[in-house]
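The next block is input.cif, given as mmCIF, C-alpha atoms.
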```cif
data_upload
loop_
_atom_site.label_atom_id
_atom_site.label_comp_id
_atom_site.auth_asym_id
_atom_site.auth_seq_id
_atom_site.Cartn_x
_atom_site.Cartn_y
_atom_site.Cartn_z
CA MET S 18 0.00 0.00 0.00
CA LYS S 19 1.30 3.44 -0.93
CA ASN S 20 0.66 6.78 0.67
CA PHE S 21 -1.06 8.97 -1.94
CA VAL S 22 -1.56 12.70 -1.40
CA PHE S 23 -3.71 14.64 -3.86
CA VAL S 24 -2.82 18.33 -3.65
CA VAL S 25 -5.48 20.84 -4.69
CA ARG S 26 -4.25 24.42 -5.05
CA ARG S 27 -6.87 25.86 -7.40
CA ALA S 28 -10.38 27.10 -6.74
CA ALA S 29 -13.39 25.26 -8.10
CA HIS S 30 -15.06 26.07 -11.43
CA GLY S 31 -12.31 28.27 -12.94
CA THR S 32 -10.75 24.95 -13.88
CA ALA S 33 -12.19 21.44 -13.64
CA HIS S 34 -8.99 20.05 -12.14
CA GLY S 35 -10.40 19.68 -8.65
CA ARG S 36 -13.29 17.58 -9.84
CA GLU S 37 -11.13 15.35 -12.03
CA LEU S 38 -8.66 14.91 -9.19
CA ALA S 39 -11.46 13.91 -6.81
CA GLU S 40 -12.31 11.11 -9.23
CA ALA S 41 -8.70 9.92 -9.12
CA ALA S 42 -8.62 10.10 -5.31
CA MET S 43 -11.79 8.01 -5.15
CA LEU S 44 -10.22 5.36 -7.35
CA ALA S 45 -7.00 5.25 -5.36
CA GLY S 46 -9.08 4.79 -2.20
CA ALA S 47 -11.09 2.04 -3.88
CA MET S 48 -7.79 0.38 -4.83
CA ASP S 49 -6.93 0.10 -1.11
CA GLN S 50 -4.27 2.80 -1.04
CA SER S 51 -3.81 5.28 1.79
CA VAL S 52 -5.28 8.50 0.38
CA ALA S 53 -5.22 12.07 1.62
CA VAL S 54 -6.54 15.11 -0.22
CA ALA S 55 -4.78 18.33 0.78
CA PHE S 56 -6.38 21.69 0.11
CA LEU S 57 -4.01 24.62 0.14
CA ASP S 58 -3.80 28.11 -1.31
CA ASP S 59 -6.87 28.77 -3.55
CA GLY S 60 -7.76 25.07 -3.25
CA VAL S 61 -9.55 25.87 0.02
CA PHE S 62 -12.34 27.50 -2.05
CA GLN S 63 -13.24 24.02 -3.38
CA LEU S 64 -14.74 23.39 0.06
CA LYS S 65 -16.67 26.62 0.57
CA SER S 66 -20.32 26.37 1.49
CA GLY S 67 -23.07 28.00 -0.55
CA GLN S 68 -21.68 27.13 -3.98
CA CYS S 69 -24.19 27.26 -6.84
CA PRO S 70 -22.15 25.80 -9.72
CA ALA S 71 -25.19 25.57 -12.01
CA ALA S 72 -24.96 29.37 -12.33
CA VAL S 73 -21.96 28.83 -14.63
CA GLY S 74 -22.99 25.46 -16.05
CA ALA S 75 -20.62 23.55 -13.78
CA VAL S 76 -21.33 20.65 -11.45
CA ALA S 77 -20.95 20.43 -7.68
CA VAL S 78 -17.61 19.53 -6.15
CA THR S 79 -18.46 19.63 -2.45
CA GLY S 80 -20.77 16.61 -2.64
CA PRO S 81 -18.22 14.27 -4.23
CA LEU S 82 -15.51 15.55 -1.88
CA ALA S 83 -17.66 14.96 1.19
CA ALA S 84 -18.51 11.48 -0.12
CA LEU S 85 -14.80 10.65 -0.32
CA ALA S 86 -14.46 11.12 3.41
CA GLU S 87 -17.84 9.65 4.35
CA ASP S 88 -17.13 6.48 2.36
CA GLY S 89 -13.76 6.14 4.08
CA LEU S 90 -11.86 6.39 0.77
CA ALA S 91 -9.77 9.44 1.65
CA ARG S 92 -8.90 11.81 4.47
CA LEU S 93 -9.39 15.52 3.77
CA TYR S 94 -7.03 18.20 5.09
CA VAL S 95 -7.13 21.96 4.76
CA GLU S 96 -4.32 24.37 5.63
CA SER S 97 -5.15 26.99 8.28
CA GLU S 98 -2.83 29.67 6.84
CA SER S 99 -4.44 29.33 3.39
CA LEU S 100 -7.88 29.82 4.99
CA ALA S 101 -6.74 32.84 7.02
CA GLU S 102 -5.03 34.52 4.04
CA ARG S 103 -8.39 34.37 2.23
CA ASN S 104 -10.44 35.52 5.21
CA LEU S 105 -12.05 32.11 5.55
CA SER S 106 -12.44 29.87 8.56
CA ALA S 107 -13.45 26.26 9.05
CA GLU S 108 -17.06 27.45 9.61
CA ASP S 109 -17.20 28.67 5.99
CA LEU S 110 -16.62 25.17 4.65
CA ALA S 111 -19.36 22.82 3.47
CA VAL S 112 -17.22 19.73 3.89
CA ALA S 113 -15.86 18.38 7.16
CA THR S 114 -12.06 18.50 6.93
CA GLN S 115 -9.19 18.36 9.37
CA VAL S 116 -7.44 21.72 9.70
CA LEU S 117 -3.64 21.52 9.68
CA THR S 118 -1.05 24.23 10.19
CA ARG S 119 1.36 24.93 7.34
CA ALA S 120 4.10 23.01 9.17
CA GLU S 121 1.80 20.03 9.71
CA MET S 122 0.78 20.15 6.04
CA SER S 123 4.45 20.14 4.99
CA ASP S 124 5.00 17.06 7.15
CA LEU S 125 2.00 15.36 5.52
CA LEU S 126 3.39 16.13 2.05
CA GLY S 127 6.84 14.91 3.08
CA ARG S 128 5.40 11.52 4.07
CA ALA S 129 3.78 10.95 0.65
CA ASP S 130 4.97 8.21 -1.71
CA VAL S 131 2.97 9.68 -4.58
CA ILE S 132 1.80 13.27 -5.01
CA LEU S 133 -0.74 14.12 -7.69
CA THR S 134 -1.82 17.72 -8.21
CA ALA S 135 -4.59 19.87 -9.60
CA MET G 22 14.20 2.63 -11.42
CA GLU G 23 10.70 2.65 -12.92
CA PHE G 24 8.93 5.94 -13.62
CA ALA G 25 5.28 6.79 -14.07
CA LEU G 26 4.67 10.14 -15.76
CA VAL G 27 1.42 12.11 -15.79
CA VAL G 28 0.90 14.78 -18.46
CA THR G 29 -1.96 17.19 -17.76
CA GLU G 30 -1.64 19.88 -20.41
CA GLY G 31 -2.22 19.90 -24.15
CA PRO G 32 0.39 20.30 -26.87
CA PHE G 33 1.81 23.48 -28.38
CA THR G 34 0.38 26.20 -26.11
CA ARG G 35 2.03 24.83 -22.98
CA GLN G 36 5.52 23.40 -22.60
CA SER G 37 4.82 20.54 -20.20
CA SER G 38 4.31 17.74 -22.73
CA ALA G 39 7.66 18.58 -24.34
CA THR G 40 9.34 18.75 -20.91
CA ALA G 41 7.89 15.36 -19.98
CA CYS G 42 9.06 13.89 -23.28
CA ARG G 43 12.62 15.17 -22.68
CA PHE G 44 12.53 13.77 -19.14
CA ALA G 45 11.44 10.37 -20.47
CA ARG G 46 14.29 10.31 -23.01
CA ALA G 47 16.81 11.35 -20.35
CA ALA G 48 15.54 8.71 -17.90
CA ILE G 49 15.83 5.97 -20.52
CA ALA G 50 19.33 7.21 -21.44
CA ARG G 51 20.25 6.86 -17.74
CA GLY G 52 19.18 3.19 -17.82
CA HIS G 53 15.80 3.69 -16.13
CA ARG G 54 12.46 2.55 -17.42
CA VAL G 55 9.46 4.74 -18.16
CA TRP G 56 6.70 2.23 -17.57
CA ARG G 57 3.67 4.32 -18.36
CA VAL G 58 2.73 7.85 -19.33
CA PHE G 59 -0.80 8.76 -18.33
CA PHE G 60 -2.53 11.63 -20.12
CA PHE G 61 -5.01 13.40 -17.89
CA HIS G 62 -7.01 16.67 -18.10
CA ASP G 63 -6.04 18.55 -21.32
CA GLY G 64 -3.07 16.19 -21.64
CA VAL G 65 -5.26 13.91 -23.75
CA GLY G 66 -4.79 16.41 -26.59
CA ASN G 67 -1.21 15.15 -27.06
CA ALA G 68 -2.49 11.86 -28.48
CA SER G 69 -4.12 13.04 -31.70
CA ARG G 70 -2.77 11.47 -34.87
CA HIS G 71 -3.87 14.61 -36.70
CA ILE G 72 -1.28 16.84 -34.99
CA GLU G 73 0.74 18.41 -37.80
CA PRO G 74 2.89 21.29 -36.59
CA PRO G 75 4.53 23.36 -39.29
CA GLY G 76 8.29 23.23 -39.73
CA ARG G 77 10.43 21.72 -37.01
CA GLU G 78 8.22 22.37 -34.00
CA HIS G 79 7.78 19.69 -31.34
CA ASN G 80 5.27 17.13 -32.61
CA ALA G 81 3.77 15.94 -29.34
CA ALA G 82 1.97 12.84 -30.60
CA GLY G 83 4.80 11.86 -32.95
CA GLU G 84 7.45 12.07 -30.23
CA TRP G 85 5.39 10.11 -27.73
CA SER G 86 4.64 7.50 -30.41
CA ALA G 87 8.38 7.17 -31.04
CA LEU G 88 8.99 6.52 -27.32
CA ALA G 89 6.32 3.83 -27.34
CA ARG G 90 7.78 2.23 -30.46
CA GLU G 91 11.43 2.39 -29.43
CA HIS G 92 11.18 1.72 -25.70
CA GLY G 93 7.81 0.09 -25.07
CA VAL G 94 6.47 3.04 -23.09
CA ASP G 95 2.76 2.49 -22.38
CA LEU G 96 0.78 5.61 -23.38
CA VAL G 97 -2.65 5.70 -21.75
CA LEU G 98 -5.38 8.37 -21.94
CA CYS G 99 -7.97 8.94 -19.26
CA VAL G 100 -11.23 7.89 -20.94
CA THR G 101 -13.37 10.47 -19.14
CA ALA G 102 -10.95 13.31 -19.89
CA ALA G 103 -10.82 12.17 -23.53
CA GLN G 104 -14.61 11.96 -23.88
CA ARG G 105 -14.98 15.41 -22.32
CA ARG G 106 -12.61 16.78 -24.95
CA GLY G 107 -13.83 14.87 -28.00
CA ILE G 108 -10.80 12.59 -28.35
CA CYS G 109 -11.88 9.13 -29.56
CA ALA G 110 -9.93 5.91 -30.15
CA GLU G 111 -9.97 6.36 -33.95
CA ALA G 112 -8.11 9.67 -33.62
CA LEU G 113 -5.16 8.29 -31.63
CA ALA G 114 -1.59 8.26 -32.93
CA PRO G 115 0.25 4.89 -32.83
CA GLY G 116 1.17 3.65 -29.37
CA PHE G 117 -1.62 5.47 -27.52
CA ARG G 118 -4.61 3.71 -25.99
CA ILE G 119 -7.62 4.78 -23.98
CA GLY G 120 -7.85 3.54 -20.42
CA GLY G 121 -9.14 4.58 -17.05
CA LEU G 122 -7.91 6.63 -14.12
CA GLY G 123 -7.31 3.32 -12.38
CA GLN G 124 -4.35 2.86 -14.70
CA MET G 125 -2.82 6.08 -13.43
CA VAL G 126 -3.17 4.84 -9.85
CA GLU G 127 -1.88 1.40 -10.87
CA ALA G 128 1.21 2.99 -12.46
CA SER G 129 1.89 5.03 -9.31
CA ILE G 130 1.54 1.92 -7.16
CA ARG G 131 3.93 -0.07 -9.32
CA CYS G 132 6.58 2.52 -10.18
CA ASP G 133 9.28 3.90 -7.90
CA ARG G 134 8.49 7.52 -8.80
CA THR G 135 5.52 9.41 -10.19
CA LEU G 136 6.08 12.81 -11.80
CA VAL G 137 3.31 15.17 -12.85
CA PHE G 138 4.04 17.48 -15.77
CA GLY G 139 1.58 20.33 -16.15
CA GLY G 140 -0.88 22.09 -13.93
CA MET Z 16 11.56 12.35 3.83
CA PRO Z 17 13.19 15.08 1.74
CA VAL Z 18 11.04 16.45 -1.07
CA LEU Z 19 11.93 17.52 -4.63
CA HIS Z 20 9.78 20.55 -5.42
CA MET Z 21 9.21 21.15 -9.16
CA VAL Z 22 8.26 24.76 -9.97
CA ARG Z 23 7.35 25.74 -13.51
CA ALA Z 24 5.52 29.07 -13.45
CA SER Z 25 7.15 32.47 -13.72
CA PRO Z 26 7.28 34.13 -10.28
CA PHE Z 27 6.16 37.36 -11.97
CA ALA Z 28 2.96 35.72 -13.21
CA ALA Z 29 1.91 33.25 -10.52
CA PRO Z 30 2.54 32.68 -6.80
CA ALA Z 31 3.73 29.07 -7.22
CA LEU Z 32 7.37 29.74 -6.33
CA GLU Z 33 6.42 31.75 -3.27
CA ALA Z 34 3.95 29.07 -2.20
CA CYS Z 35 6.70 26.50 -2.57
CA LEU Z 36 9.37 28.50 -0.71
CA ASP Z 37 6.91 29.16 2.14
CA ARG Z 38 6.75 25.41 2.69
CA VAL Z 39 10.22 23.96 1.98
CA ARG Z 40 11.88 22.07 4.78
CA PRO Z 41 15.53 21.32 5.64
CA GLY Z 42 17.06 18.87 3.17
CA ASP Z 43 14.53 19.54 0.39
CA ALA Z 44 15.45 20.49 -3.17
CA VAL Z 45 13.77 22.91 -5.57
CA LEU Z 46 14.00 22.57 -9.35
CA LEU Z 47 13.10 25.65 -11.38
CA MET Z 48 11.93 24.66 -14.87
CA GLU Z 49 10.04 26.14 -17.82
CA ASP Z 50 9.10 29.79 -17.04
CA ALA Z 51 10.20 29.41 -13.39
CA VAL Z 52 13.83 29.71 -14.52
CA LEU Z 53 13.18 33.46 -14.76
CA ALA Z 54 13.26 33.53 -10.96
CA ALA Z 55 16.97 32.80 -10.81
CA ARG Z 56 18.17 35.97 -12.58
CA ARG Z 57 20.25 38.24 -10.37
CA GLY Z 58 18.86 41.60 -9.38
CA THR Z 59 15.22 40.57 -9.13
CA ALA Z 60 12.92 40.21 -6.14
CA PRO Z 61 12.29 36.47 -6.77
CA ALA Z 62 16.04 35.82 -6.93
CA ALA Z 63 16.50 37.68 -3.64
CA ARG Z 64 13.77 35.51 -2.12
CA LEU Z 65 15.55 32.37 -3.39
CA VAL Z 66 18.85 33.48 -1.82
CA ARG Z 67 17.14 34.37 1.47
CA THR Z 68 15.29 31.06 1.71
CA ALA Z 69 18.46 29.11 0.83
CA ALA Z 70 20.22 30.87 3.71
CA GLU Z 71 17.34 30.24 6.14
CA VAL Z 72 16.54 26.59 5.38
CA GLU Z 73 19.33 24.21 6.25
CA GLY Z 74 20.47 21.95 3.43
CA LEU Z 75 18.02 23.37 0.88
CA ARG Z 76 19.34 22.82 -2.65
CA LEU Z 77 18.23 25.03 -5.54
CA HIS Z 78 18.50 23.88 -9.15
CA VAL Z 79 17.58 25.42 -12.48
CA LEU Z 80 17.01 23.44 -15.68
CA GLU Z 81 19.56 24.28 -18.39
CA PRO Z 82 17.49 23.66 -21.55
CA ASP Z 83 14.92 26.18 -20.29
CA LEU Z 84 17.66 28.76 -19.65
CA LEU Z 85 19.15 28.21 -23.10
CA ALA Z 86 15.76 28.48 -24.78
CA ARG Z 87 15.10 31.81 -23.07
CA GLY Z 88 18.52 33.33 -23.73
CA ILE Z 89 19.52 33.37 -20.07
CA ALA Z 90 23.24 32.76 -19.46
CA ALA Z 91 24.56 31.05 -16.33
CA ALA Z 92 26.44 34.28 -15.55
CA GLU Z 93 23.10 36.07 -15.09
CA LEU Z 94 22.04 33.77 -12.25
CA VAL Z 95 22.39 34.12 -8.50
CA GLU Z 96 25.08 31.87 -7.05
CA ALA Z 97 22.59 30.04 -4.85
CA VAL Z 98 21.27 28.05 -7.83
CA ALA Z 99 22.99 25.16 -9.62
CA VAL Z 100 22.38 24.64 -13.35
CA VAL Z 101 21.37 21.04 -14.19
CA ASP Z 102 20.73 19.25 -17.49
CA ASP Z 103 17.92 16.77 -18.21
CA GLY Z 104 20.04 13.83 -17.04
CA SER Z 105 20.64 15.52 -13.69
CA PHE Z 106 16.89 16.23 -13.49
CA VAL Z 107 16.41 12.45 -13.69
CA ASP Z 108 19.06 11.96 -10.98
CA LEU Z 109 17.20 14.43 -8.74
CA ALA Z 110 13.95 12.50 -9.24
CA VAL Z 111 15.76 9.30 -8.31
CA GLY Z 112 17.39 10.90 -5.26
CA TYR Z 113 14.26 12.32 -3.62
CA PRO Z 114 11.56 9.87 -2.52
CA THR Z 115 8.77 12.46 -2.72
CA ILE Z 116 8.20 14.71 -5.72
CA LEU Z 117 5.87 17.69 -5.40
CA PRO Z 118 4.87 19.70 -8.48
CA TRP Z 119 3.76 23.29 -7.88
CA ILE Z 120 1.26 24.41 -10.49
#
```
Would you mind writing the file out in structure tokens?
Amino acid sequence: MKNFVFVVRRAAHGTAHGRELAEAAMLAGAMDQSVAVAFLDDGVFQLKSGQCPAAVGAVAVTGPLAALAEDGLARLYVESESLAERNLSAEDLAVATQVLTRAEMSDLLGRADVILTA
Amino acid sequence: MEFALVVTEGPFTRQSSATACRFARAAIARGHRVWRVFFFHDGVGNASRHIEPPGREHNAAGEWSALAREHGVDLVLCVTAAQRRGICAEALAPGFRIGGLGQMVEASIRCDRTLVFGG
Amino acid sequence: MPVLHMVRASPFAAPALEACLDRVRPGDAVLLMEDAVLAARRGTAPAARLVRTAAEVEGLRLHVLEPDLLARGIAAAELVEAVAVVDDGSFVDLAVGYPTILPWI
């Protein structure tokens, strides 16, 4: 079993990378790998509550992300500094995630065998 | 060592496919193996057999095809990414095939290193 | 485990290099490639940041990819001393030498 970390650094809907990466994370989890999804920088906006993606013809990302955690396929982590820099807090998020400090996030990334990004 | 590469950007506009191709050549020259290249997101655009750049510009599909032919590199496109972008099996250059995201994960499980080229 | 950070965006266009340097740890390596090689030119704010971070983080190694310098007309003499110029073969050696590889988009 390998330790996969999927790093999301872009906001939702401007690019579809977050959604496509969530699909990959789900598969890695289904293939019995250890999977973490790390949201940093603009990636924290993937998790924001109140999204109405249909307004731009996009599809929801928060549902599939929440399902990843609920189904036990992946652990979700968000970086506290990235939230604070964007005037967000954990209460603004629609998806339950573990908040890590930047140093803790760096440790998590350093323990990865495989890092995939979007 | 065995490498898995992931290419996530299309040809021509962005440099990453060309960078990945150079990396693959250099790895093979060093005695390593590039086991699979997985084309994800806009990266599926590198597989079209209809790519015909003018002059001596980097021909993404042609150079990847050559790696497959000469060194047995497995070139796999994400089926969902390809469908979303209108890339079908009939349009693929030699050496490319359409597969699933599971094959990206499988390559990362098997290989010693996974490198992502592109955003 | 030490991490090889791959940075490819110009520091003048995107915050990827800064995001990376905010998070590097002792023993890590950074490879500047594609438009990120612009960061290594002396006399610029990104180059100053590179030098400062190299001084602050113990054992941090900074590399810049030669083909991308050549393509952009940037000579080795224009670069800050904190960065080492590497060819594609050495890029492969870096990937072999670091168990974790983190691309910054």
Excluding range 50-54 of chain S and any residue of its chain fewer than 2 positions from it, enumerate the residues within 9 Å of it, using only C-alpha atoms, and give them as a list of chain:residue names.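 Surrounding residues, per the criterion: S:Met18, S:Lys19, S:Asn20, S:Phe21, S:Val22, S:Phe23, S:Val24, S:Val25, S:Ala39, S:Ala42, S:Met43, S:Ala45, S:Gly46, S:Ala47, S:Met48, S:Phe56, S:Leu90, S:Ala91, S:Arg92, S:Leu93, S:Tyr94, S:Val95, S:Leu125, G:Ile130.
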For the file shown, what are the residues hit by the PyMOL selection byres ((chain S and resi 115-117) around 8), laid out as a list of chain:residue names?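 Expected selection for the PyMOL selection byres ((chain S and resi 115-117) around 8) here is S:Leu93, S:Tyr94, S:Val95, S:Glu96, S:Ser97, S:Ala107, S:Ala113, S:Thr114, S:Thr118, S:Arg119, S:Ala120, S:Glu121, S:Met122.
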Polymer residues at most 12 Å from Leu65 in chain Z, all atoms listed in the file, same-chain spacing of 6 or more positions, as a ChimeraX atom specification: /Z:26,32-33,35-37,39,44-47,51-59,71-72,75-79,94-98
Based on the selection just made, write C-alpha atoms of those residues as a short mmCIF file (atom, residue, chain, number, x, y, z; two decimals), in the coordinates of the input.
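Listing of result.cif after writing:
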```cif
data_model
loop_
_atom_site.label_atom_id
_atom_site.label_comp_id
_atom_site.auth_asym_id
_atom_site.auth_seq_id
_atom_site.Cartn_x
_atom_site.Cartn_y
_atom_site.Cartn_z
CA PRO Z 26 7.28 34.13 -10.28
CA LEU Z 32 7.37 29.74 -6.33
CA GLU Z 33 6.42 31.75 -3.27
CA CYS Z 35 6.70 26.50 -2.57
CA LEU Z 36 9.37 28.50 -0.71
CA ASP Z 37 6.91 29.16 2.14
CA VAL Z 39 10.22 23.96 1.98
CA ALA Z 44 15.45 20.49 -3.17
CA VAL Z 45 13.77 22.91 -5.57
CA LEU Z 46 14.00 22.57 -9.35
CA LEU Z 47 13.10 25.65 -11.38
CA ALA Z 51 10.20 29.41 -13.39
CA VAL Z 52 13.83 29.71 -14.52
CA LEU Z 53 13.18 33.46 -14.76
CA ALA Z 54 13.26 33.53 -10.96
CA ALA Z 55 16.97 32.80 -10.81
CA ARG Z 56 18.17 35.97 -12.58
CA ARG Z 57 20.25 38.24 -10.37
CA GLY Z 58 18.86 41.60 -9.38
CA THR Z 59 15.22 40.57 -9.13
CA GLU Z 71 17.34 30.24 6.14
CA VAL Z 72 16.54 26.59 5.38
CA LEU Z 75 18.02 23.37 0.88
CA ARG Z 76 19.34 22.82 -2.65
CA LEU Z 77 18.23 25.03 -5.54
CA HIS Z 78 18.50 23.88 -9.15
CA VAL Z 79 17.58 25.42 -12.48
CA LEU Z 94 22.04 33.77 -12.25
CA VAL Z 95 22.39 34.12 -8.50
CA GLU Z 96 25.08 31.87 -7.05
CA ALA Z 97 22.59 30.04 -4.85
CA VAL Z 98 21.27 28.05 -7.83
#
```
For chain S, the nearest of the candidates G:Arg35, G:Arg105, G:His92, G:His62, counting only C-alpha atoms: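 Smallest distance to chain S is found for G:His62.
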Could you state which residues are captured by the PyMOL selection byres ((chain S) within 7 of (chain G)) in this file, as a list in words? Lys19, Ala41, Leu44, Ala45, Val131, Leu133 and Ala135 of chain S
Would you list the residues near (15.4, 17.3, -13.6), meaning any protein, DNA or RNA residue with an atom at most 9 Å from that point in file coordinates, counting all atoms listed in the file, as a list in words?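 Those within range, by chain then number, are Phe44 of chain G; Met21, Leu46, Leu47, Met48, His78, Val79, Leu80, Val101, Asp102, Asp103, Gly104, Ser105, Phe106, Val107, Asp108, Leu109 and Ala110 of chain Z.
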Keeping only C-alpha atoms, take the residues you just selected and write them out as a PDB file, in the coordinates of the input.
```
ATOM      1  CA  PHE G  44      12.530  13.770 -19.140  1.00  0.00           C
TER       2      PHE G  44
ATOM      3  CA  MET Z  21       9.210  21.150  -9.160  1.00  0.00           C
ATOM      4  CA  LEU Z  46      14.000  22.570  -9.350  1.00  0.00           C
ATOM      5  CA  LEU Z  47      13.100  25.650 -11.380  1.00  0.00           C
ATOM      6  CA  MET Z  48      11.930  24.660 -14.870  1.00  0.00           C
ATOM      7  CA  HIS Z  78      18.500  23.880  -9.150  1.00  0.00           C
ATOM      8  CA  VAL Z  79      17.580  25.420 -12.480  1.00  0.00           C
ATOM      9  CA  LEU Z  80      17.010  23.440 -15.680  1.00  0.00           C
ATOM     10  CA  VAL Z 101      21.370  21.040 -14.190  1.00  0.00           C
ATOM     11  CA  ASP Z 102      20.730  19.250 -17.490  1.00  0.00           C
ATOM     12  CA  ASP Z 103      17.920  16.770 -18.210  1.00  0.00           C
ATOM     13  CA  GLY Z 104      20.040  13.830 -17.040  1.00  0.00           C
ATOM     14  CA  SER Z 105      20.640  15.520 -13.690  1.00  0.00           C
ATOM     15  CA  PHE Z 106      16.890  16.230 -13.490  1.00  0.00           C
ATOM     16  CA  VAL Z 107      16.410  12.450 -13.690  1.00  0.00           C
ATOM     17  CA  ASP Z 108      19.060  11.960 -10.980  1.00  0.00           C
ATOM     18  CA  LEU Z 109      17.200  14.430  -8.740  1.00  0.00           C
ATOM     19  CA  ALA Z 110      13.950  12.500  -9.240  1.00  0.00           C
TER      20      ALA Z 110
END
```
Between CA of Asp130 in chain S and CA of Phe24 in chain G, what is the distance, to one decimal in Å?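 We find that CA of Asp130 in chain S and CA of Phe24 in chain G lie 12.8 Å from each other.
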Applied to this file, what does the PyMOL selection byres ((chain Z) within 8 of (chain S)) return in terms of residues, put as a PDB file with C-alpha atoms, in the coordinates of the input?
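expr-v5.pdb, freshly written:
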```
ATOM      1  CA  MET Z  16      11.560  12.350   3.830  1.00  0.00           C
ATOM      2  CA  PRO Z  17      13.190  15.080   1.740  1.00  0.00           C
ATOM      3  CA  VAL Z  18      11.040  16.450  -1.070  1.00  0.00           C
ATOM      4  CA  ALA Z  34       3.950  29.070  -2.200  1.00  0.00           C
ATOM      5  CA  ARG Z  38       6.750  25.410   2.690  1.00  0.00           C
ATOM      6  CA  VAL Z  39      10.220  23.960   1.980  1.00  0.00           C
ATOM      7  CA  ARG Z  40      11.880  22.070   4.780  1.00  0.00           C
ATOM      8  CA  PRO Z 114      11.560   9.870  -2.520  1.00  0.00           C
ATOM      9  CA  THR Z 115       8.770  12.460  -2.720  1.00  0.00           C
ATOM     10  CA  ILE Z 116       8.200  14.710  -5.720  1.00  0.00           C
ATOM     11  CA  LEU Z 117       5.870  17.690  -5.400  1.00  0.00           C
ATOM     12  CA  PRO Z 118       4.870  19.700  -8.480  1.00  0.00           C
ATOM     13  CA  TRP Z 119       3.760  23.290  -7.880  1.00  0.00           C
ATOM     14  CA  ILE Z 120       1.260  24.410 -10.490  1.00  0.00           C
TER      15      ILE Z 120
END
```
Contacts of Lys65 in chain S at 7 Å (all atoms listed in the file; same-chain gap of 5+ positions) as JSON, numbers by chain: {"S": [109, 110, 111]}
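Counting only C-alpha atoms, the residue from Z:Pro82, Z:Gly88, Z:Pro61, Z:Pro30 that sits nearest to chain G is Z:Pro82.
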